[in-house]
Amino acid sequence: MSDFLAAQDSAGHEHAQPRSDQNRSLWGDVRYELMRNPVFWVSSVLVLVILSMAFAPQLWAETSPTARGACRLENARVEPSAAHPFGYTNAGCDMWSSLVYGTGKSVIVAILVTIGTVIVGVTLGTVAGYVGGFADTVISRVTDIFFGLPFILGALVFLAIFPDRNVWTLTAVLTMFGWTSLTRVMRGSVISTKQKDYVDAARALGATNFFIIRKHILANSIAPVIVLATIGLGAYISAEATLTFLGVGYQRPTVSWGLLVAEGQNLALAGFWHLLVLPCAFIVVTVLSFILLGDALRDALDPRAR
Amino acid sequence: MGRYVARRLVQFIPVILGTLFLLHVLSVLTIQIVGDPVRALFGENAPPEAILEQLRANYNLDDDCLEQTGNPCVRLFVDRLAQYASGDFGINFRGRSVAELFVERFPVTVRLTVIALVFETVVGIFLGVMAGLRKDKLVDNFVRFSTVLLIAFPVFVFGTLAQLFIGLELGLPLRDSERAPEWLGQMLTVTYNPEFPWLSLMLPGLVLGAFSLAAIARLTRTSLIENLRSDYVRTARAKGLTSSRTVGVHTLRNSLIPVVTYIGIDIGLLLGGALVTEGIFNIPGVGQLVFLAIQANDTPVILGVVTILTVVFLVANLLVDILYAALDPRIRYE
Amino acid sequence: MSEILTETERRSNKSPLSGVSFDGSAPLLEVEDLEVEFHTRDGIAHAVNNVSFTLREGETLGILGESGCGKSVTAQAIMGILDTPPAKVTGGQVRYRGVDLLQLEEKTRRHIRANKIAIIFQDALSSLNPVFTVGWQLGELYRKHAGASRAQAKSKAVELLDLVGIPGAPARINSFPHQFSGGMRQRVMIAMALALEPDIIIADEPTTALDVTVQAQVMTLLSDLQREMRLGLILITHDMGVVADVADKICVMYAGHAVERADVYEIYERPAHPYTKALLESIPRVDQKGQDLTVIKGLPPALVDPPPGCSFHPRCAFARDRCTTDEPPLYEVPGNRLSACHYWEEVLES
Amino acid sequence: MRIKTHFRVTAVAAAFALGLTACGGGGGTTDDPGGNPSGEPTGEPGGSYSADLTEPTFLAPASNCYESECSAVLKMVNDPLVSTDFETGELIFDGMAESIEPNDDQTVWTVTLKEGLMFHNGEPVDSDAFLRAWNYSQNPKNAQATAGFMARIEGAGKGPEMSGLKAVDDQTFEVTLSGPFSQFGQQMSYAPAFAPIAQECIDDIKACNESPIGTGPYQMDGKWMHDQGITVTKWADYQGELPANADTIEFKMFTAPTAAYRDYQNGGVDVLNVAPEIYLEAKGELADAILEEPTASLTYLGFPTKEAPYDNEQLRQAISLSIDRELIIEKVLNGLADASTDIVTPPIPGSRDDACEFCTYDPQRAKDLLEESGVDPSSFTLELYFNADSGHELWTEAAARQIQENLGIDYELKSTEWAQYLELLDGEEFTGPFRLGWSLDYPSPENYLRPIVGTGGDSNYTGYSNPEFDDLVVQGDEAATLEESFELYAQAGDIALEEMPIIPMWSGTTAIAASDSVGDVRYDVGDGEIAFGEITVSQ
């Protein structure tokens, strides 16, 4: 999915450059646009629900499936019933609490990876785009090197190094292969912003490079990055599932959506559909929420759409 | 254009060296941290040490630096480069030449990739254009929602469902039927069939291309909407051109520029990332080869094949960039 | 110019319009009570309100006003290239040779564009398609409207570039827009407008983006060609200096209204609307060296929510209470002029 | 001796996890009436069918074959030297050997070959063919996977030729061992390790690997189509005794067991190993058409017996008693296993069904024993080790939960990659119970007891050492009759089952599905494979 982001490059940075004269009111406008967009409201409520599940699962489910005595093997694969609408997992744990407690592992990684790729991408992209010359050449070639390694293959090779795969190792690896696209986006965005009149004007007035970057370049280039990052966030969630399916993601007794899906995949066809459908539904709703939020942000950030 | 290509070719060298080194360090680290891959070939019970040592020597795994965690083993890297330069990509743990393995499997992956690319490009652009032209209408919302589904569903779930419901439920009766044409039944295949090297890759190709299709459709849509608002499209209308020409010639070509960028990146994604699809549909392709090699820490294969893949990826990207330059003259004269 | 199109081509080119009966004696273009609305998220914006004017052969009409006053929208409404939605023509007529273009089917109307009425946009760089050569974009007109072959279209493109004074035309037709200088690009735009020998050219701020020296060259070219071909020219600009030299008549627009219409000399001598007067005073003048420029205070109103009464009253030096309630009609001012000001006499006097 | 292990083929295929596809050695009895045929036996030879297979590692030389994929193919292509009867443990001379005779102290073995045997290419199968193969195999330079099988022969692993291997004449050769070993005959029934090799093959091993030259009832039909298939056809000149009913067998390669099952559903495969991940689905669809057969593979938990608190015998017994094997087998393994009653698995001659006192589920007794042991359950965390991505996580977790619930010991699951797991094993670095599997090389209780719990056993990672136990095993080795040796092995087993350096969990069960067009499908526990040669095709 990182590649998906990269390709948004040209589409993204063209439209999201605010006109210079609107700079000061940009964020005000964005807020105003968002407030009146129902899609924004629906998706942000969903995102808030998901985030609260991720960070405070105890609000949504009483006991963690990893707690002592929480799972009973006797209940393995019991299907949903009126008394127990979500049924039980393959390990005999309550499906609802597994889903709730699994949110953290799946969503937090996605958030951390997004933050990581944004920090790396924005920094390197800004340096490459603004400084140009040798720095640009080096950064661009290094980006190429990481691009040369297809995402899943790269993640596979890399994850094999970590015997103990947790939030941090997964984050590190996904970030490692995700930063490149955002760097490219940011670089392109910065290059086109750099040529704007107001940057020349600021330079003529004797502003320091640091000031120009902070005040003008970042403010005007970061919009596409924010939009793409929210879409990426969604995509990283399904990446976790795929890596787990390939055997290099989380391992039991960790609970994550990816593990549930990977496990439920074969059992669903044996008649235990809830083992696949429920975690997939959680992933789909989450990804949908983040992408819709990204869409709403993109629309709000697009001055010409107004 | 010639100079542009030449410059790009020169830039390949550091990139390939860099990718190679990155891979080299990763696999060296894997051996250092995870353990001796040769020993792992034998399972619970260790064979005589003499045999392990012979095998390590056979696979160039007997260097001391592989015992020192964190040592990048530069000497091994240099040796390997020299070996590659002479066209020798080593042998795998089963004594087979890596180059030979690659040649065996590469055509399959190429066919699969081509099918996926054609499918995702044609259908993706079509959907994107439909959605873009009817922004916020029913078609648009349908495309936007269904593409989110394609992005959200892990590919292995999607692949299994396709295999079961399209390949078996739909395809099997067709294959058994006397009246249905053979090509149709083979197209809706369950597993790869070497007797139908193209047809039986159709369904896997569609599964493989599904995610990118979503990406391309969304890209085309965004890009088309952008361009429809541009000044030159207004000019085209002021020139009294038909609306189909305004969209088809004056808007689409400009809108395809980011799509082409994406396709360039996607070739690499498809080539290497096909392993999930290849596993589901039992396709003996390159992705699976590397996946199995990673499982067995079969370093010669990982390095050799991924190196060749990287070269293919870079060349493909060069071709895409040339296409890109053809589409957008502003790039050509940078 | 007539050698560019052969007689057969001219016929074939006119054929889609053969079902339309143009009245050769009617004025070239009559715009009457034109109204355009924009549906925005903030509400309906009245971009053009009851705008009327007439253009005759060989005449140049200047439409003057600050940005956002509805000049370009008027031009695009005449061309029929408004983005619909959000824009919509809600009233009035646009008569070309007596035929109301707004009543024509889109299929027919399409042929009016470029064949009868052509437009030159302000920003030539963004208005020319970046991915096609200049020659291709010019030739496209001949290929699509006159059925010319690629070779014919190409040779005509060369002739056109020659006509607008681009040196080395045979080589330049293979260049892309971004390879031209600003002035040359604008010449290309002019060439494109002239290609099918239209009767009317609308030039929407044709020189705004150019250097002053280049501005003069382009304007000279444009007015020379206009005279030579007896074109009707509508020159849209915010620059009073530009219109003064070339226009015969002026229409001043403010907040979507035509607030004053008059011959060019009269308007420059004695403006009959406070807005026109303010515009004139904001031109730097050699004889007033050392004095501060007069600036019009405030900003033009939002079209979604214009002030009641005369929309100029918040910025008007002549404004009284009446101006805040009564919308002024177009008063007839002696000298065949019109002014939308209750106190036009007072303005004339001042 | 070593166990053949599968290459972990894919993580998708966590297949071999449960020890289903056994890695068998030993010889299969071909006339075993106890088989459980599925489908309608036609008894008629002829026809062709297809079976699923994972890509083998090597086909030639046979001595490089140490997993069930290649042995499945080689069993068709090669005749064994000798086989072992699983009922009695006696040798059966259905292969190339006319007779195999040890001397009195079981150190010198004389092998006499049958007359007139030849390879597919017409070369004679004589003493030289065996000497060639065995000397090649034991030479460390050639790094053959089964070289360890030669280790007991005098002079093995030291140079190009072993001093203990001599040809007497064309049909007879003599093997001198470095010590007495009564089970050497049974050991030789692991066919690939002791197969002869044709001169043509050893001259161009690479070519031979693509199209092995064998001695068996089938020969290669064309080359090995890597990752796609191997086809074997009946050899017209076959003189041996092994059954070969179908004319052609097509082995189709799959890397994911799910894909193999889909192809079975699609009619592309006739005989299928039903892997655990698709077992439930297949069971739902095929129900009784699935053939379920016990295998000889053992799954167990080992203890680091030198580490506190696992040096406490009663704690080990308590842990064993607190695990509900039956429930785990039912819920996690879907019934595809049998709870252990002995270290030696049921199909092996000499195994017992009541030997393990502490292998039952008895939470109360477990608590009592824990109390007696004096180990404070809250004083430590039970670290349970398993190798990742091989399907062990679910049952180890279930077992850990039961221990937690019944004994109040908190647990932590520790998993590592296989290579790293082996390094930890070799270094005996585990700090808690670890899961391991074992399957036979040859059908003898000795092949379970000595390697797993014997002092310095090849697969003894527990640090356990009991001279009394070792002594009984050696006595068993030297016993004159099989009954005597089984009795002595059983006594040794009792010691291990009392002191519990390992807790046996279960022995595996394999599941096989066969289409309507094939019959006489039987699982050969000795080979750890389906008896492909016996399968008949309805025409």
# chains A, B, ... in the order shown; residues from 1 in each chain; ligands from 1
>>> residues_around(residues="B:Val143", least_positions_apart="6", cutoff="9 Å", atoms="only C-alpha atoms", output="CSV table (one decimal) with C-alpha atoms, in the first residue's frame")
chain,number,residue,atom,x,y,z
B,127,LEU,CA,-14.0,2.8,-13.5
B,128,GLY,CA,-12.0,5.8,-12.6
B,130,MET,CA,-16.8,6.7,-15.0
B,131,ALA,CA,-16.6,7.9,-11.4
B,214,ALA,CA,-8.7,0.0,-6.6
B,217,ALA,CA,-9.5,3.7,-10.2
B,218,ARG,CA,-9.1,6.1,-7.3
>>> select_by_dssp(residues="stretch 374-449 of chain D", states="alpha helix (DSSP H)", output="list in words")
Glu393, Leu394, Trp395, Thr396, Glu397, Ala398, Ala399, Ala400, Arg401, Gln402, Ile403, Gln404, Glu405, Asn406, Leu407, Trp418, Ala419, Gln420, Tyr421, Leu422, Glu423, Leu424, Leu425, Asp426, Glu446, Asn447, Tyr448 and Leu449 of chain D
>>> write_last_selection(atoms="C-alpha atoms", output="PDB file, in the first residue's frame")
ATOM      1  CA  GLU D 393       1.028 -22.124  18.946  1.00  0.00           C
ATOM      2  CA  LEU D 394      -2.563 -23.095  19.508  1.00  0.00           C
ATOM      3  CA  TRP D 395      -1.997 -26.298  21.398  1.00  0.00           C
ATOM      4  CA  THR D 396       0.971 -25.053  23.407  1.00  0.00           C
ATOM      5  CA  GLU D 397      -1.145 -22.119  24.479  1.00  0.00           C
ATOM      6  CA  ALA D 398      -4.026 -24.412  25.379  1.00  0.00           C
ATOM      7  CA  ALA D 399      -1.705 -26.625  27.404  1.00  0.00           C
ATOM      8  CA  ALA D 400      -0.198 -23.609  29.147  1.00  0.00           C
ATOM      9  CA  ARG D 401      -3.669 -22.357  30.040  1.00  0.00           C
ATOM     10  CA  GLN D 402      -4.564 -25.706  31.559  1.00  0.00           C
ATOM     11  CA  ILE D 403      -1.372 -25.729  33.598  1.00  0.00           C
ATOM     12  CA  GLN D 404      -2.168 -22.211  34.739  1.00  0.00           C
ATOM     13  CA  GLU D 405      -5.688 -23.108  35.660  1.00  0.00           C
ATOM     14  CA  ASN D 406      -4.929 -26.365  37.404  1.00  0.00           C
ATOM     15  CA  LEU D 407      -1.639 -25.564  39.109  1.00  0.00           C
ATOM     16  CA  TRP D 418      13.158 -23.037  13.563  1.00  0.00           C
ATOM     17  CA  ALA D 419      16.854 -22.392  12.987  1.00  0.00           C
ATOM     18  CA  GLN D 420      17.116 -20.455  16.194  1.00  0.00           C
ATOM     19  CA  TYR D 421      15.061 -23.060  18.026  1.00  0.00           C
ATOM     20  CA  LEU D 422      17.554 -25.684  16.973  1.00  0.00           C
ATOM     21  CA  GLU D 423      20.449 -23.566  18.165  1.00  0.00           C
ATOM     22  CA  LEU D 424      18.769 -23.183  21.538  1.00  0.00           C
ATOM     23  CA  LEU D 425      18.196 -26.941  21.587  1.00  0.00           C
ATOM     24  CA  ASP D 426      21.756 -27.760  20.685  1.00  0.00           C
ATOM     25  CA  GLU D 446      15.165 -48.398  20.980  1.00  0.00           C
ATOM     26  CA  ASN D 447      14.775 -45.805  18.218  1.00  0.00           C
ATOM     27  CA  TYR D 448      12.562 -43.750  20.537  1.00  0.00           C
ATOM     28  CA  LEU D 449      14.121 -44.299  23.935  1.00  0.00           C
TER      29      LEU D 449
END
>>> residues_around(residues="stretch 70-80 of chain B", least_positions_apart="6", cutoff="10 Å", atoms="only C-alpha atoms", output="ChimeraX atom specification")
/B:20-22,24-29,32-33,60-61,63-64,86,88-90,300,303-304
>>> interface_residues(of="chain B", to="chain C", cutoff="12 Å", atoms="only C-alpha atoms", output="MDAnalysis selection string")
chainID B and resid 134:135 227:243 245:246 249:257 324:334
>>> residues_around(residues="B:Arg96", least_positions_apart="2", cutoff="12 Å", atoms="only C-alpha atoms", output="list in words")
Tyr59, Phe89, Gly90, Ile91, Asn92, Phe93, Arg94, Val98, Ala99, Glu100, Leu101, Phe102, Val103, Glu104, Asp298, Pro300 and Val301 of chain B; Thr57, Phe58, Ile205, Lys206, Ala207, Asn209, Glu210 and His226 of chain D
>>> atom_distance(atom1="atom CA of A:Tyr130", atom2="atom CA of A:Leu218")
10.5 Å
